[in-house]
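Colleague: One structure is given below, represented as structure tokens, and several questions about it will come after.
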Amino acid sequence: MNKLTSIDDGQISGLLQAEGLSVVLMTSPWDGNGIILRSIIENLTAQFPAVQFRVADYEASPRLARLFNLMSPPGILLIKAGEMIQRVTGPVSAGRISDLIREAA
Amino acid sequence: MNTDIFKVFILEDMQLDLELNKRQVRKYNPEVLFAVARNRTEFEEKLVDFQPDIVLSDYNLPDMNGLEALLYVREHLDGTPFIFITGILNDEEKVAETILSGASGYLLKENIKKLPELLTTVVAQNSQVMQQREQDWQRRKEQQMALQKAIGTLRNTDFVGKDDVLAQLLKLTDGLA
């Protein structure tokens with residue numbers, strides 16, 4: 001079963017080398033919008049079994065934050081074969097995230 | 001750089017050339033994140049958000065030329081290194097004009113295997129600029145985080161004029177982003 005998996009700076013290499021599409025949510029415990037986005041993305045995992053869904057703590061993963069030029073959480077990043085396909089910051093709807101995934105997959 | 005991962009923005013409309021560029025960049029540094037634009041719209045949409053360590057650009061694109069791309073980078077990303085990788089930049093005057101306009105270097109596509117060597121040189125020449133950008137980014141991030149946390153605390157506190165204060169602080173965070 002597809003699920004949302006936690007990553008940190010130690011998994012950046014694997015993220016960049018993955019051939020398929022990865023969706024990374026960067027958030028923090030104090031980030032209200034990020035908490036909502038986490039719930040939305042958890043619900044999307046079943047719809048897109050071929051996509052790898054990841055979540056990273058913004059403050060515990062400074063290299064990831066720098067890599068994606070994210071000044072503050074939340075941020076959603078779509079990466080495929082080492083290329084950043086999309087970068088979305090702030091609140092975003094489930095429908096918009098689904099569309100971005102379909103376009104990138 | 002604090003992060004040893006290399007961020008490369010490629011402006012190239014030919015898929016084969018794009019893949020060749022990526023392959024040579026990975027020889028220079030396998031830990032690389034790419035962003036790609038194939039035309040002016042994608043270039044202007046993605047460039048600033050990505051904040052690359054370096055830009056690699058073709059010269060002739062369907063709706064813009066490389067010099068326009070270079071000037072856009074200089075306007076929006078200041079000293080970010082910029083390399084032309086092109087099939088036609090073989091006229092000496094054009095090469096001189098390109099370098100004088102602020103490019104960090106150029107490479108003919110037929111010599112693409114020399115890209116790792118050129119990257120080594122350009123990154124070394126620009127290390128001070130890249131370190132300064134890194135420090136600036138860290139400083140802005142810390143300011144943004146402090147502000148976001150303060151807003152979070154204020155949201156949970158009742159006081160007169162709360163909505164106005166929060167609105168002003170949110171404007172400030174937009175300005176820092």
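The chains in the structure tokens are called A, B, ... from first to last as shown; in each chain the residues are counted from 1, and the ligands are counted from 1 in the order shown.
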Please provide the set of residues having any atom within 7 Å of region 69-80 of chain B, restricted to only C-alpha atoms, with same-chain residues fewer than 5 positions apart removed, written as a list in words.
Modeller: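 Answer for this query is Val48, Asp53, Ile54, Ala103 and Val129 of chain B.
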Colleague: Once you count only C-alpha atoms, which residues of chain B turn out to be within 9 Å of chain A? Could you give them as a ChimeraX atom specification?
Modeller: /B:2-7,30-36,46,49-51,134,137-138,140-142,144-145,148-149,152,176-177
Colleague: Could you write out the selected residues, including N, CA and C atoms, as an mmCIF file, in the first residue's frame?
Modeller:
data_model
loop_
_atom_site.group_PDB
_atom_site.id
_atom_site.type_symbol
_atom_site.label_atom_id
_atom_site.label_comp_id
_atom_site.auth_asym_id
_atom_site.auth_seq_id
_atom_site.Cartn_x
_atom_site.Cartn_y
_atom_site.Cartn_z
ATOM 1 N N ASN B 2 26.739 25.887 1.808
ATOM 2 C CA ASN B 2 26.386 25.042 2.934
ATOM 3 C C ASN B 2 25.923 23.674 2.449
ATOM 4 N N THR B 3 25.147 23.703 1.389
ATOM 5 C CA THR B 3 24.705 22.450 0.809
ATOM 6 C C THR B 3 25.675 22.078 -0.294
ATOM 7 N N ASP B 4 26.073 20.811 -0.305
ATOM 8 C CA ASP B 4 27.008 20.398 -1.342
ATOM 9 C C ASP B 4 26.264 19.872 -2.565
ATOM 10 N N ILE B 5 24.966 20.087 -2.586
ATOM 11 C CA ILE B 5 24.196 19.686 -3.753
ATOM 12 C C ILE B 5 24.160 20.836 -4.730
ATOM 13 N N PHE B 6 24.362 20.496 -5.971
ATOM 14 C CA PHE B 6 24.528 21.486 -7.030
ATOM 15 C C PHE B 6 23.173 21.728 -7.686
ATOM 16 N N LYS B 7 22.791 22.989 -7.818
ATOM 17 C CA LYS B 7 21.498 23.320 -8.437
ATOM 18 C C LYS B 7 21.752 23.975 -9.795
ATOM 19 N N PRO B 30 27.561 14.379 -9.066
ATOM 20 C CA PRO B 30 26.391 13.496 -9.184
ATOM 21 C C PRO B 30 25.214 13.953 -8.328
ATOM 22 N N GLU B 31 25.496 14.748 -7.289
ATOM 23 C CA GLU B 31 24.420 15.235 -6.425
ATOM 24 C C GLU B 31 23.908 16.545 -6.996
ATOM 25 N N VAL B 32 22.996 16.436 -7.944
ATOM 26 C CA VAL B 32 22.546 17.639 -8.641
ATOM 27 C C VAL B 32 21.030 17.661 -8.744
ATOM 28 N N LEU B 33 20.472 18.849 -8.580
ATOM 29 C CA LEU B 33 19.046 19.056 -8.829
ATOM 30 C C LEU B 33 18.930 20.007 -10.020
ATOM 31 N N PHE B 34 18.180 19.549 -11.027
ATOM 32 C CA PHE B 34 17.996 20.364 -12.228
ATOM 33 C C PHE B 34 16.641 21.053 -12.208
ATOM 34 N N ALA B 35 16.597 22.203 -12.879
ATOM 35 C CA ALA B 35 15.321 22.786 -13.312
ATOM 36 C C ALA B 35 15.521 23.091 -14.788
ATOM 37 N N VAL B 36 14.466 22.894 -15.570
ATOM 38 C CA VAL B 36 14.601 23.007 -17.019
ATOM 39 C C VAL B 36 13.544 23.949 -17.582
ATOM 40 N N LYS B 46 10.216 29.883 -13.818
ATOM 41 C CA LYS B 46 10.928 28.977 -12.916
ATOM 42 C C LYS B 46 12.219 29.530 -12.316
ATOM 43 N N ASP B 49 12.388 31.327 -8.633
ATOM 44 C CA ASP B 49 11.957 30.394 -7.588
ATOM 45 C C ASP B 49 13.006 29.313 -7.334
ATOM 46 N N PHE B 50 13.702 28.923 -8.391
ATOM 47 C CA PHE B 50 14.657 27.820 -8.254
ATOM 48 C C PHE B 50 15.946 28.255 -7.569
ATOM 49 N N GLN B 51 16.377 29.493 -7.800
ATOM 50 C CA GLN B 51 17.630 30.008 -7.225
ATOM 51 C C GLN B 51 18.808 29.066 -7.524
ATOM 52 N N GLU B 134 24.594 32.332 -0.270
ATOM 53 C CA GLU B 134 24.183 31.344 0.727
ATOM 54 C C GLU B 134 23.924 32.021 2.073
ATOM 55 N N TRP B 137 20.765 34.062 1.958
ATOM 56 C CA TRP B 137 19.577 33.199 2.001
ATOM 57 C C TRP B 137 19.305 32.745 3.436
ATOM 58 N N GLN B 138 20.355 32.343 4.141
ATOM 59 C CA GLN B 138 20.189 31.886 5.527
ATOM 60 C C GLN B 138 19.621 33.004 6.399
ATOM 61 N N ARG B 140 17.804 35.616 5.446
ATOM 62 C CA ARG B 140 16.393 35.868 5.113
ATOM 63 C C ARG B 140 15.491 34.762 5.651
ATOM 64 N N LYS B 141 15.992 33.532 5.596
ATOM 65 C CA LYS B 141 15.200 32.399 6.097
ATOM 66 C C LYS B 141 14.972 32.540 7.602
ATOM 67 N N GLU B 142 16.020 32.903 8.327
ATOM 68 C CA GLU B 142 15.874 33.056 9.780
ATOM 69 C C GLU B 142 14.876 34.165 10.123
ATOM 70 N N GLN B 144 12.397 35.182 8.229
ATOM 71 C CA GLN B 144 11.071 34.691 7.854
ATOM 72 C C GLN B 144 10.514 33.736 8.907
ATOM 73 N N MET B 145 11.365 32.833 9.387
ATOM 74 C CA MET B 145 10.938 31.859 10.394
ATOM 75 C C MET B 145 10.532 32.555 11.695
ATOM 76 N N GLN B 148 7.177 34.134 11.167
ATOM 77 C CA GLN B 148 6.103 33.131 11.072
ATOM 78 C C GLN B 148 5.725 32.612 12.456
ATOM 79 N N LYS B 149 6.747 32.375 13.275
ATOM 80 C CA LYS B 149 6.471 31.863 14.627
ATOM 81 C C LYS B 149 5.771 32.922 15.473
ATOM 82 N N GLY B 152 2.208 32.962 14.518
ATOM 83 C CA GLY B 152 1.525 31.796 15.096
ATOM 84 C C GLY B 152 1.165 32.021 16.554
ATOM 85 N N LEU B 176 9.506 39.414 2.615
ATOM 86 C CA LEU B 176 10.756 38.684 2.847
ATOM 87 C C LEU B 176 10.894 37.463 1.950
ATOM 88 N N ALA B 177 9.757 36.960 1.445
ATOM 89 C CA ALA B 177 9.786 35.693 0.695
ATOM 90 C C ALA B 177 10.543 35.844 -0.612
#
Colleague: Quote the spacing between CA of Met1 (chain A) and CA of Pro49 (chain A) in Å to one decimal place.
Modeller: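 Spanning CA of Met1 (chain A) to CA of Pro49 (chain A) is a straight-line distance of 7.7 Å.
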Colleague: May I have the residues within 12 Å of Ala46 (chain A) as a list in words, using only C-alpha atoms and disregarding those fewer than 6 positions away in the same chain?
Modeller: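 The contact residues come out as Met1, Asn2, Lys3, Leu4, Ile40, Gln52, Phe53 and Ser98 of chain A.
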Colleague: Please write the residues from the selection above to a file, keeping C-alpha atoms, as an mmCIF file, in the first residue's frame.
Modeller:
data_model
loop_
_atom_site.group_PDB
_atom_site.id
_atom_site.type_symbol
_atom_site.label_atom_id
_atom_site.label_comp_id
_atom_site.auth_asym_id
_atom_site.auth_seq_id
_atom_site.Cartn_x
_atom_site.Cartn_y
_atom_site.Cartn_z
ATOM 1 C CA MET A 1 0.000 0.000 0.000
ATOM 2 C CA ASN A 2 1.312 3.447 -0.950
ATOM 3 C CA LYS A 3 1.859 5.812 1.987
ATOM 4 C CA LEU A 4 3.428 9.073 3.075
ATOM 5 C CA ILE A 40 -4.725 16.007 1.906
ATOM 6 C CA GLN A 52 6.449 8.236 -3.976
ATOM 7 C CA PHE A 53 5.014 10.552 -1.323
ATOM 8 C CA SER A 98 -3.819 16.063 -8.149
#
Colleague: Neighbours of Gly34 (chain A) within 9 Å (only C-alpha atoms; same-chain residues fewer than 2 positions away dropped), as a short mmCIF file (atom, residue, chain, number, x, y, z; two decimals) with C-alpha atoms, in the first residue's frame?
Modeller:
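So around-v3.cif came out as:
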data_model
loop_
_atom_site.label_atom_id
_atom_site.label_comp_id
_atom_site.auth_asym_id
_atom_site.auth_seq_id
_atom_site.Cartn_x
_atom_site.Cartn_y
_atom_site.Cartn_z
CA LEU A 25 5.76 18.02 1.53
CA MET A 26 7.86 20.24 3.79
CA THR A 27 6.08 21.31 6.93
CA SER A 28 6.49 21.92 10.67
CA PRO A 29 4.44 21.04 13.75
CA TRP A 30 3.52 24.75 14.14
CA ASP A 31 2.56 25.13 10.49
CA GLY A 32 -1.25 25.02 10.33
CA ILE A 36 -3.93 20.38 6.48
CA LEU A 37 -1.77 19.62 3.45
CA ARG A 38 -0.39 16.53 5.14
CA SER A 39 -3.91 15.21 5.56
CA PRO A 73 6.73 26.02 5.33
CA PRO A 74 4.62 24.65 3.85
CA GLY A 75 5.93 23.71 0.44
CA GLY A 90 1.51 28.09 0.79
CA PRO A 91 -2.00 26.65 0.90
#
Colleague: Skip Met14 (chain B) itself and residues of its chain fewer than 4 positions away, then list as a count of residues only all residues within 10 Å of it, counting only C-alpha atoms.
Modeller: 5
Colleague: If you run DSSP over the backbone, which residues in region 25-62 of chain B end up alpha helix (DSSP H)? Put them as a VMD selection string.
Modeller: chain B and resid 25 to 28 40 to 50
Colleague: Could you write out that same residue set with N, CA and C atoms as a tab-separated table (two decimals), in the first residue's frame?
Modeller:
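Dumped everything to part14.tsv:
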chain	number	residue	atom	x	y	z
B	25	VAL	N	26.91	17.34	-16.53
B	25	VAL	CA	26.84	18.00	-15.21
B	25	VAL	C	26.98	16.94	-14.12
B	26	ARG	N	26.35	15.79	-14.33
B	26	ARG	CA	26.43	14.73	-13.31
B	26	ARG	C	27.85	14.19	-13.19
B	27	LYS	N	28.63	14.30	-14.25
B	27	LYS	CA	30.05	13.89	-14.14
B	27	LYS	C	30.80	14.86	-13.25
B	28	TYR	N	30.42	16.12	-13.29
B	28	TYR	CA	31.04	17.12	-12.41
B	28	TYR	C	30.59	16.93	-10.97
B	40	ARG	N	10.79	30.98	-23.26
B	40	ARG	CA	10.83	32.17	-22.41
B	40	ARG	C	9.86	32.07	-21.23
B	41	THR	N	8.65	31.60	-21.50
B	41	THR	CA	7.65	31.54	-20.43
B	41	THR	C	8.13	30.66	-19.28
B	42	GLU	N	8.59	29.46	-19.62
B	42	GLU	CA	9.07	28.55	-18.56
B	42	GLU	C	10.28	29.15	-17.86
B	43	PHE	N	11.14	29.78	-18.63
B	43	PHE	CA	12.36	30.37	-18.06
B	43	PHE	C	12.00	31.42	-17.00
B	44	GLU	N	11.10	32.33	-17.36
B	44	GLU	CA	10.77	33.41	-16.44
B	44	GLU	C	9.93	32.91	-15.27
B	45	GLU	N	9.15	31.85	-15.50
B	45	GLU	CA	8.34	31.29	-14.41
B	45	GLU	C	9.19	30.59	-13.36
B	46	LYS	N	10.22	29.88	-13.82
B	46	LYS	CA	10.93	28.98	-12.92
B	46	LYS	C	12.22	29.53	-12.32
B	47	LEU	N	12.88	30.42	-13.04
B	47	LEU	CA	14.25	30.77	-12.69
B	47	LEU	C	14.42	31.28	-11.25
B	48	VAL	N	13.67	32.32	-10.91
B	48	VAL	CA	13.90	32.97	-9.62
B	48	VAL	C	13.49	32.05	-8.46
B	49	ASP	N	12.39	31.33	-8.63
B	49	ASP	CA	11.96	30.39	-7.59
B	49	ASP	C	13.01	29.31	-7.33
B	50	PHE	N	13.70	28.92	-8.39
B	50	PHE	CA	14.66	27.82	-8.25
B	50	PHE	C	15.95	28.25	-7.57
Colleague: According to DSSP computed on the backbone, where in chain A is there strand (DSSP E or B)? Give the residues as a ChimeraX atom specification.
Modeller: /A:4-7,21-27,52-57,75-80,83-89
Colleague: Could you take the residues named above and write them with C-alpha atoms, as a PDB file, in the first residue's frame?
Modeller:
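File written: again17.pdb
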ATOM      1  CA  LEU A   4       3.428   9.073   3.075  1.00  0.00           C
ATOM      2  CA  THR A   5       6.984   8.381   4.287  1.00  0.00           C
ATOM      3  CA  SER A   6       9.134  10.697   6.404  1.00  0.00           C
ATOM      4  CA  ILE A   7      12.506  11.794   5.062  1.00  0.00           C
ATOM      5  CA  LEU A  21       7.882  10.981  -9.587  1.00  0.00           C
ATOM      6  CA  SER A  22       8.315  11.979  -5.933  1.00  0.00           C
ATOM      7  CA  VAL A  23       6.055  14.414  -4.108  1.00  0.00           C
ATOM      8  CA  VAL A  24       7.680  16.030  -1.072  1.00  0.00           C
ATOM      9  CA  LEU A  25       5.758  18.017   1.532  1.00  0.00           C
ATOM     10  CA  MET A  26       7.862  20.236   3.791  1.00  0.00           C
ATOM     11  CA  THR A  27       6.080  21.306   6.930  1.00  0.00           C
ATOM     12  CA  GLN A  52       6.449   8.236  -3.976  1.00  0.00           C
ATOM     13  CA  PHE A  53       5.014  10.552  -1.323  1.00  0.00           C
ATOM     14  CA  ARG A  54       7.439  12.027   1.219  1.00  0.00           C
ATOM     15  CA  VAL A  55       7.146  14.433   4.149  1.00  0.00           C
ATOM     16  CA  ALA A  56      10.046  16.342   5.717  1.00  0.00           C
ATOM     17  CA  ASP A  57      10.228  18.505   8.822  1.00  0.00           C
ATOM     18  CA  GLY A  75       5.928  23.706   0.436  1.00  0.00           C
ATOM     19  CA  ILE A  76       5.142  20.912  -1.981  1.00  0.00           C
ATOM     20  CA  LEU A  77       7.787  19.815  -4.431  1.00  0.00           C
ATOM     21  CA  LEU A  78       7.510  17.457  -7.369  1.00  0.00           C
ATOM     22  CA  ILE A  79      10.760  15.854  -8.464  1.00  0.00           C
ATOM     23  CA  LYS A  80      11.407  13.369 -11.244  1.00  0.00           C
ATOM     24  CA  GLU A  83      14.638  17.454 -12.009  1.00  0.00           C
ATOM     25  CA  MET A  84      12.372  19.737 -10.052  1.00  0.00           C
ATOM     26  CA  ILE A  85       9.124  19.679 -12.008  1.00  0.00           C
ATOM     27  CA  GLN A  86       6.980  21.856  -9.748  1.00  0.00           C
ATOM     28  CA  ARG A  87       7.332  23.866  -6.575  1.00  0.00           C
ATOM     29  CA  VAL A  88       4.241  25.126  -4.768  1.00  0.00           C
ATOM     30  CA  THR A  89       4.315  27.203  -1.598  1.00  0.00           C
TER      31      THR A  89
END
Colleague: What is the CA of Asp17 (chain B)-CA of Gly102 (chain B) distance in Å, reported with one decimal?
Modeller: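 CA of Asp17 (chain B) sits 23.5 Å away from CA of Gly102 (chain B).
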Colleague: So the first atom is CA of Gln24 (chain B) and the second is CA of Gly20 (chain A); what is the distance between them in Å, to one decimal place?
Modeller: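 According to the coordinates, CA of Gln24 (chain B) and CA of Gly20 (chain A) are separated by 21.2 Å.
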